[in-house]
Structure formats: structure tokens, C-alpha cells
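A.B. asks: Quick one: the structure is below, and I'll ask about it shortly.
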Amino acid sequence: MKKILTILSISLLIISCGQDSAKSIDKVIEDSNLAAIRAKRTEVVAEQQAVADKLKQLDEAIALLDSVKKLPLVTTIMAKDTLFNHYLELQGNVETKKNIVLYPEMSGILTRVYVKKGQKVSKGQILARIDDGGLSQQLSQIEVQTQLAKTTFDRQKRLWDQKIGSEIQYLEAKTNFEAQQNAVNQIKRQLAKTTINAPFSGIIDDVITEQGSVATPGQTAIIRIVNLNDMYIETEVPERYIPNITKGKNVEVYFPVLGKTITTKIRQVGNYINPNNRSFTVEVSIPSEGGTVKPNLTAKVKINDYTNEKAILIPQSIISENAEGDQYTYVTSEKDAQNIAQARRVIIKTGKTQGDFIEIIEGITNGDAIISEGARSVKDGQKVKILN
């Protein structure tokens with residue numbers, strides 16, 4: 001009760017002085033004496049300072065005597081060294097080098113298609129055949145002629161070895177036999193172009209041209225074959241990450257369509273910077289995942305570009321910034337038996353972010369108690385009550 005009466009008395013005194021001062025100020029202004037006005041202003045400033053000093057004394061006395069004063073309620077988190085892996089998030093597509101469309105090497109009617117869509121095939125297996133246009137008959141005839149040429153050459157060679165006959169006859173027989181062999185090999189190479197073979201083991205994804213159609217080299221697509229055992233994700237990485245993105249780095253891959261996440265590694269880093277977007281290409285190996293992952297599927301790629309084994313992480317929401325642009329937060333001293341401690345503002349330097357947390361480079365050390373909830377209502381040097 002005494003405190004209240006004291007405060008009321010001082011308030012009445014200040015009001016009374018203010019009223020008297022206002023009358024006196026009006027009188028000085030009416031006189032239009034510049035020196036007097038300036039002197040009066042100096043007097044008022046002195047009175048104002050005196051009142052401020054008295055209020056400060058009263059506040060200190062109240063704070064000292066008030067046993068039920070209200071302190072800001074806060075919660076704290078303990079700064080601890082922890083393993084911090086930062087990930088660079090990118091967009092990528094599933095690719096495979098074993099996804100090709102097969103075209104014929106010679107013109108003709110597609111006489112046979114030996115496979116169906118979805119069928120598994122082995123490397124070298126015949127998938128389709130083009131009409132050879134009579135090359136088979138030509139080969140049979142030339143093979144007969146070649147056999148006759150071989151017999152003639154063998155006889156001439158035996159006679160020549162026995163020094164019988166002329167050298168020119170021997171050379172003519174040899175030349176004729178070799179020419180016939182070359183003709184046979186040439187027709188065999190042409191006949192090989194009438195068949196379409198599997199360049200690798202895989203699955204027939206599509207039979208594009210039906211049997212009986214006319215096929216033209218480089219124009220008529222016959223079959224698409226795919227192998228899902230050697231797929232990868234290709235993504236573009238900005239050039240500023242060159243020092244941190246290397247072969248063998250850990251990668252997390254998320255497929256939104258499948259709702260699936262896998263862990264893998266970088267298998268290849270490009271050596272060329274694209275001048276159009278200042279980026280380089282990275283290949284990330286992925287398993288087939290039972291056939292659910294397919295070429296051209298969209299993926300979200302997270303590449304581990306930075307690791308700190310003893311990092312201090314705090315929520316970004318408890319960091320503030322002053323007028324000079326410095327970031328700061330509050331730590332507390334050791335609390336007493338009533339869980340009361342003193343708050344201290346510390347200027348911090350931050351590093352990389354991951355989600356809602358940010359790395360602290362300077363300002364906070366292992367074991368510091370950092371104010372989390374209630375940090376916005378705390379001032380530097382203020383007493384606070386810790387709830388946790």
C-alpha cells in the first residue's frame with residue numbers, strides 16, 4: 001500500500017510541476033524573448049532528466065523489493081555437436097544407354113518377326129528378317145563356283161610343288177579361288193543385313209512395324225528393345241558446386257510417382273561446362289527396383305555436397321537480425337534453484353541450412369543453453385524463468 005501511495009504522490013507532483021511549467025512556458029513565449037526561451041528550454045531539459053533519474057531509482061527499488069515480479073517465461077535447447085550432412089536438391093530423369101529402336105540395314109519386305117512385345121531376348125538373337133531379294137540363291141551358286149575354283153587351285157598347287165606346269169597357271173588358279181572366296185564373303189555380309197539381331201539382352205518394349213510391311217533403312221523403325229539392369233539418373237548441377245560434387249558421393253533419390261526413396265552414389269561426373277546454363281552433368285546409378293523404375297521417370301535427387309561431423313544445429317525460427325544486419329540469438333547463464341537465469345544476446349555466424357535447421361559456425365559452443373520459445377520477448381541481460 002505504501003508503494004502505491006508513493007507512486008501516486010510522485011505522479012501528482014510531476015503533473016503539478018508540468019502544469020506550472022506550462023504556464024511559465026506560455027508566459028516566456030508571449031514575451032518573444034529568444035534568450036529567455038532558450039534558457040527556459042534548458043531548464044525544462046534539466047527537469048526532465050531529474051524526473052527520469054527519479055523514475056529509474058523507483059524502478060530499481062521496486063525490482064529489489066518485489067518478490068512476486070513476473071519474469072519472461074522461456075524454454076531452452078542444449079547446443080550439441082552432431083553429424084550434419086547437407087544435401088543439394090536437384091531434379092533429374094531416369095535414363096538408360098540400353099534403350100534403342102532398331103532399323104533395317106537394307107530395303108525389302110519384313111518377311112518375319114520372331115518376337116512379341118514384352119518378350120525377353122538374348123544378345124545376338126534374331127528378332128526379325130527382311131526379304132533377301134534372291135541373295136540366298138546367288139550365294140549357293142557362288143559357293144559351287146568357289147568349290148570348283150578351290151579344287152582347281154589345289155591341283156595346280158600340287159603340280160607346282162612337284163615343279164610340273166607353269167607358274168602362270170598356278171597363279172591364275174590361286175587368284176580365281178581367292179576372288180570366289182571374296183565374292184562369297186561379300187554376299188554373306190549382305191545377307192547378314194537381312195536379319196535384325198538383338199544388340200544386347202533385354203525386353204522387347206514394342207514391335208513397331210508389322211510383318212509384311214516394306215522396310216527402308218534409317219526410316220522404318222522395326223523394334224524397340226530396352227534393358228532395365230543398367231539405368232541411371234541424369235541431372236544438371238550448377239558449376240559453383242564443382243569442388244563438392246565428386247564420383248562416389250552419397251545420393252538420396254525420391255520418385256514422386258512411386259512414393260519411393262533409394263540411397264545410391266554418383267557414378268560419373270561430367271567434364272564439360274554447358275555455356276548456356278553454366279552447369280555440368282552428373283550420372284547417378286540406380287537399380288531396376290523390380291521393374292517399377294522406368295526410363296524417363298522423374299526423380300528428385302539429393303546429393304551430399306557437405307559434411308560436418310561436429311556441427312551445431314539450431315532452428316532457424318529462433319534467429320533474429322539487428323539493424324546492422326548481424327544475426328543473433330539468446331543463451332542463458334546457469335539457472336538457479338528456482339530455474340531463473342540471465343539471458344545474454346550473442347552474435348552468430350551461420351552456415352548451411354537443411355530443412356528448418358541451420359548450422360552455427362561462430363557464436364555458440366557445445367553445451368550452451370539457447371532460448372527457443374520466448375526468445376522474441378527477451379532483452380539482453382534480462383532475468384528469465386526457464387520452464388524446461
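Identifiers for the C-alpha cells are assigned positionally: chains receive A, B, ... in sequence, residues are indexed from 1 per chain, and ligands are indexed from 1 in the order shown.
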Find the residues around region 144-147 of chain A up to 12 Å (only C-alpha atoms counted), leave out those fewer than 6 positions away in its own chain, and share them as a list in words.
C.D. replies: Gln137, Gln138, Phe153, Asp154, Ala173, Lys174, Thr175, Asn176, Phe177, Glu178, Ala179, Gln180, Gln181, Asn182, Ala183, Val184 and Asn185 of chain A
A.B. asks: Counting only C-alpha atoms, which residue out of A:Arg38, A:Lys349, A:Lys80, A:Lys150 sits closest to Ile370 (chain A)?
C.D. replies: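 Looking at the shortest contact to Ile370 (chain A), the residue is A:Lys80.
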A.B. asks: Quick one: of A:Tyr272, A:Tyr241, A:Tyr328, A:Phe200, who's nearest to Leu228 (chain A), counting only C-alpha atoms?
C.D. replies: A:Phe200
A.B. asks: So, with only C-alpha atoms as the atoms that count, which of A:Ile164, A:Val113, A:Gly259, A:Arg240 lies closest to Ile208 (chain A)?
C.D. replies: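 For Ile208 (chain A), the nearest of the candidates is A:Val113.
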A.B. asks: Find the distance between CA of Thr350 (chain A) and CA of Thr329 (chain A) and write it in Å to one decimal.
C.D. replies: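 We find that CA of Thr350 (chain A) and CA of Thr329 (chain A) lie 11.3 Å from each other.
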A.B. asks: Give the answer as one residue: which of A:Leu102, A:Val269, A:Gln119, A:Ala149 has the shortest atom-to-atom distance to Asp205 (chain A), using only C-alpha atoms?
C.D. replies: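 Counting only C-alpha atoms, the residue closest to Asp205 (chain A) is A:Gln119.
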A.B. asks: Considering only C-alpha atoms, return as a list of chain:residue names whatever protein or nucleic-acid residues lie within 8 Å of region 291-305 of chain A, sequence-local ones (same chain, fewer than 3 positions apart) excluded.
C.D. replies: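 In the requested format, the answer is A:Asn85, A:His86, A:Tyr87, A:Leu88, A:Glu89, A:Leu90, A:Gln91, A:Gly92, A:Asn93, A:Val94, A:Glu95, A:Thr96, A:Leu228, A:Met231, A:Ile233, A:Tyr241, A:Asn244, A:Ile245, A:Lys249, A:Asn250, A:Val251, A:Glu252, A:Val253, A:Tyr254, A:Phe255, A:Pro256, A:Val257, A:Leu258, A:Ser288.
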A.B. asks: Export N, CA and C atoms of the chosen residues as a PDB file, in the first residue's frame?
C.D. replies:
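New file again18.pdb:
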```
ATOM      1  N   ASN A  85      24.876 -33.600 -42.437  1.00  0.00           N
ATOM      2  CA  ASN A  85      25.034 -33.852 -43.866  1.00  0.00           C
ATOM      3  C   ASN A  85      24.123 -32.905 -44.624  1.00  0.00           C
ATOM      4  N   HIS A  86      24.740 -32.049 -45.435  1.00  0.00           N
ATOM      5  CA  HIS A  86      23.945 -31.122 -46.254  1.00  0.00           C
ATOM      6  C   HIS A  86      23.745 -31.724 -47.642  1.00  0.00           C
ATOM      7  N   TYR A  87      22.548 -31.556 -48.171  1.00  0.00           N
ATOM      8  CA  TYR A  87      22.221 -32.144 -49.472  1.00  0.00           C
ATOM      9  C   TYR A  87      21.814 -31.057 -50.463  1.00  0.00           C
ATOM     10  N   LEU A  88      22.349 -31.176 -51.657  1.00  0.00           N
ATOM     11  CA  LEU A  88      21.969 -30.312 -52.768  1.00  0.00           C
ATOM     12  C   LEU A  88      20.791 -30.966 -53.472  1.00  0.00           C
ATOM     13  N   GLU A  89      19.659 -30.260 -53.559  1.00  0.00           N
ATOM     14  CA  GLU A  89      18.440 -30.829 -54.131  1.00  0.00           C
ATOM     15  C   GLU A  89      18.298 -30.414 -55.590  1.00  0.00           C
ATOM     16  N   LEU A  90      18.119 -31.415 -56.458  1.00  0.00           N
ATOM     17  CA  LEU A  90      18.020 -31.203 -57.890  1.00  0.00           C
ATOM     18  C   LEU A  90      16.900 -32.056 -58.473  1.00  0.00           C
ATOM     19  N   GLN A  91      16.595 -31.776 -59.734  1.00  0.00           N
ATOM     20  CA  GLN A  91      15.607 -32.552 -60.476  1.00  0.00           C
ATOM     21  C   GLN A  91      16.333 -33.378 -61.538  1.00  0.00           C
ATOM     22  N   GLY A  92      15.900 -34.608 -61.755  1.00  0.00           N
ATOM     23  CA  GLY A  92      16.550 -35.453 -62.748  1.00  0.00           C
ATOM     24  C   GLY A  92      15.575 -36.399 -63.419  1.00  0.00           C
ATOM     25  N   ASN A  93      16.054 -37.077 -64.458  1.00  0.00           N
ATOM     26  CA  ASN A  93      15.254 -38.059 -65.188  1.00  0.00           C
ATOM     27  C   ASN A  93      16.014 -39.371 -65.273  1.00  0.00           C
ATOM     28  N   VAL A  94      15.254 -40.465 -65.236  1.00  0.00           N
ATOM     29  CA  VAL A  94      15.852 -41.788 -65.368  1.00  0.00           C
ATOM     30  C   VAL A  94      16.217 -42.023 -66.830  1.00  0.00           C
ATOM     31  N   GLU A  95      17.457 -42.458 -67.042  1.00  0.00           N
ATOM     32  CA  GLU A  95      17.943 -42.725 -68.395  1.00  0.00           C
ATOM     33  C   GLU A  95      18.547 -44.127 -68.436  1.00  0.00           C
ATOM     34  N   THR A  96      18.723 -44.643 -69.637  1.00  0.00           N
ATOM     35  CA  THR A  96      19.454 -45.887 -69.844  1.00  0.00           C
ATOM     36  C   THR A  96      20.091 -45.848 -71.220  1.00  0.00           C
ATOM     37  N   LEU A 228      16.644 -52.875 -68.450  1.00  0.00           N
ATOM     38  CA  LEU A 228      16.448 -52.080 -67.236  1.00  0.00           C
ATOM     39  C   LEU A 228      17.485 -52.376 -66.155  1.00  0.00           C
ATOM     40  N   MET A 231      20.362 -48.742 -65.507  1.00  0.00           N
ATOM     41  CA  MET A 231      19.755 -47.420 -65.591  1.00  0.00           C
ATOM     42  C   MET A 231      20.500 -46.442 -64.692  1.00  0.00           C
ATOM     43  N   ILE A 233      20.306 -41.948 -63.338  1.00  0.00           N
ATOM     44  CA  ILE A 233      19.609 -40.659 -63.344  1.00  0.00           C
ATOM     45  C   ILE A 233      20.589 -39.609 -63.811  1.00  0.00           C
ATOM     46  N   TYR A 241      29.242 -25.792 -57.684  1.00  0.00           N
ATOM     47  CA  TYR A 241      29.355 -26.965 -56.811  1.00  0.00           C
ATOM     48  C   TYR A 241      30.434 -27.944 -57.281  1.00  0.00           C
ATOM     49  N   ASN A 244      32.607 -29.754 -54.667  1.00  0.00           N
ATOM     50  CA  ASN A 244      31.932 -30.616 -53.694  1.00  0.00           C
ATOM     51  C   ASN A 244      31.263 -31.837 -54.309  1.00  0.00           C
ATOM     52  N   ILE A 245      31.038 -31.822 -55.623  1.00  0.00           N
ATOM     53  CA  ILE A 245      30.350 -32.942 -56.264  1.00  0.00           C
ATOM     54  C   ILE A 245      31.386 -33.811 -56.950  1.00  0.00           C
ATOM     55  N   LYS A 249      30.058 -39.856 -54.245  1.00  0.00           N
ATOM     56  CA  LYS A 249      29.288 -39.146 -53.222  1.00  0.00           C
ATOM     57  C   LYS A 249      27.930 -39.821 -53.008  1.00  0.00           C
ATOM     58  N   ASN A 250      27.462 -39.800 -51.763  1.00  0.00           N
ATOM     59  CA  ASN A 250      26.157 -40.390 -51.447  1.00  0.00           C
ATOM     60  C   ASN A 250      25.026 -39.554 -52.016  1.00  0.00           C
ATOM     61  N   VAL A 251      23.983 -40.238 -52.468  1.00  0.00           N
ATOM     62  CA  VAL A 251      22.833 -39.575 -53.082  1.00  0.00           C
ATOM     63  C   VAL A 251      21.544 -40.236 -52.593  1.00  0.00           C
ATOM     64  N   GLU A 252      20.558 -39.398 -52.284  1.00  0.00           N
ATOM     65  CA  GLU A 252      19.202 -39.883 -51.992  1.00  0.00           C
ATOM     66  C   GLU A 252      18.312 -39.551 -53.181  1.00  0.00           C
ATOM     67  N   VAL A 253      17.596 -40.552 -53.676  1.00  0.00           N
ATOM     68  CA  VAL A 253      16.730 -40.370 -54.843  1.00  0.00           C
ATOM     69  C   VAL A 253      15.290 -40.669 -54.438  1.00  0.00           C
ATOM     70  N   TYR A 254      14.406 -39.725 -54.737  1.00  0.00           N
ATOM     71  CA  TYR A 254      12.982 -39.907 -54.424  1.00  0.00           C
ATOM     72  C   TYR A 254      12.177 -39.875 -55.721  1.00  0.00           C
ATOM     73  N   PHE A 255      11.342 -40.877 -55.907  1.00  0.00           N
ATOM     74  CA  PHE A 255      10.468 -40.953 -57.077  1.00  0.00           C
ATOM     75  C   PHE A 255       9.057 -40.575 -56.651  1.00  0.00           C
ATOM     76  N   PRO A 256       8.611 -39.358 -56.984  1.00  0.00           N
ATOM     77  CA  PRO A 256       7.278 -38.907 -56.548  1.00  0.00           C
ATOM     78  C   PRO A 256       6.152 -39.814 -57.010  1.00  0.00           C
ATOM     79  N   VAL A 257       6.245 -40.318 -58.239  1.00  0.00           N
ATOM     80  CA  VAL A 257       5.169 -41.155 -58.759  1.00  0.00           C
ATOM     81  C   VAL A 257       5.062 -42.468 -57.998  1.00  0.00           C
ATOM     82  N   LEU A 258       6.228 -43.018 -57.613  1.00  0.00           N
ATOM     83  CA  LEU A 258       6.237 -44.299 -56.902  1.00  0.00           C
ATOM     84  C   LEU A 258       6.156 -44.135 -55.392  1.00  0.00           C
ATOM     85  N   SER A 288      17.139 -51.494 -60.833  1.00  0.00           N
ATOM     86  CA  SER A 288      15.878 -51.557 -61.582  1.00  0.00           C
ATOM     87  C   SER A 288      14.661 -51.548 -60.663  1.00  0.00           C
TER      88      SER A 288
END
```
A.B. asks: Which of these, A:Ile360, A:Val384, A:Leu55, A:Ile168, has the shortest distance to Asn308 (chain A) once you count only C-alpha atoms?
C.D. replies: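 With only C-alpha atoms as the atom set, the closest residue is A:Ile360.
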A.B. asks: Using only C-alpha atoms for the distances, tell me which of A:Leu110, A:Ala375, A:Val74, A:Ile25 is nearest to Ile318 (chain A).
C.D. replies: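 Comparing A:Leu110, A:Ala375, A:Val74, A:Ile25 against Ile318 (chain A), the winner is A:Ala375.
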A.B. asks: Need the shell around region 362-369 of chain A: protein/DNA/RNA residues with any atom at most 9 Å away, counting only C-alpha atoms. Skip same-chain ones fewer than 6 positions apart. Format as a PDB file with C-alpha atoms, in the first residue's frame?
C.D. replies:
```pdb
ATOM      1  CA  THR A  76      15.843 -23.670 -23.831  1.00  0.00           C
ATOM      2  CA  ILE A  77      17.586 -26.209 -26.014  1.00  0.00           C
ATOM      3  CA  MET A  78      21.080 -27.506 -25.419  1.00  0.00           C
ATOM      4  CA  ALA A  79      23.680 -26.967 -28.146  1.00  0.00           C
ATOM      5  CA  LYS A  80      25.275 -30.300 -29.008  1.00  0.00           C
ATOM      6  CA  ASP A  81      27.829 -31.437 -31.558  1.00  0.00           C
ATOM      7  CA  ILE A 312      25.819 -27.281 -34.035  1.00  0.00           C
ATOM      8  CA  TYR A 328      21.827 -13.085 -33.128  1.00  0.00           C
ATOM      9  CA  TYR A 330      19.956 -15.623 -26.842  1.00  0.00           C
ATOM     10  CA  VAL A 331      21.745 -18.001 -24.494  1.00  0.00           C
ATOM     11  CA  THR A 332      21.232 -18.266 -20.751  1.00  0.00           C
ATOM     12  CA  SER A 333      23.559 -18.491 -17.794  1.00  0.00           C
ATOM     13  CA  GLU A 334      23.375 -21.449 -15.441  1.00  0.00           C
ATOM     14  CA  VAL A 346      25.182 -13.440 -28.823  1.00  0.00           C
ATOM     15  CA  ILE A 347      26.069 -12.500 -32.385  1.00  0.00           C
ATOM     16  CA  ILE A 348      26.322 -15.634 -34.503  1.00  0.00           C
ATOM     17  CA  LYS A 349      27.639 -16.647 -37.904  1.00  0.00           C
ATOM     18  CA  THR A 350      25.571 -19.199 -39.779  1.00  0.00           C
TER      19      THR A 350
END
```
A.B. asks: Write out as a list in words which residues come within 9 Å of Gln125 (chain A) when counting only C-alpha atoms, dropping same-chain ones fewer than 6 positions away.
C.D. replies: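 Everything that qualifies: Ile196, Asn197, Ala198, Pro199, Phe200 and Ser201 of chain A.
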A.B. asks: Mind checking which residues fall within 12 Å of Gln338 (chain A), counting only C-alpha atoms, ignoring those fewer than 4 positions away in the same chain, and posting them as a PyMOL selection string?
C.D. replies: chain A and resi 71+334+383-388
A.B. asks: Might you pull out every residue within 9 Å of Tyr170 (chain A), with only C-alpha atoms counted and same-chain residues fewer than 4 positions away left off, and present them as a VMD selection string?
C.D. replies: chain A and resid 153 155 to 157 159 to 160 165 to 166 174 to 175
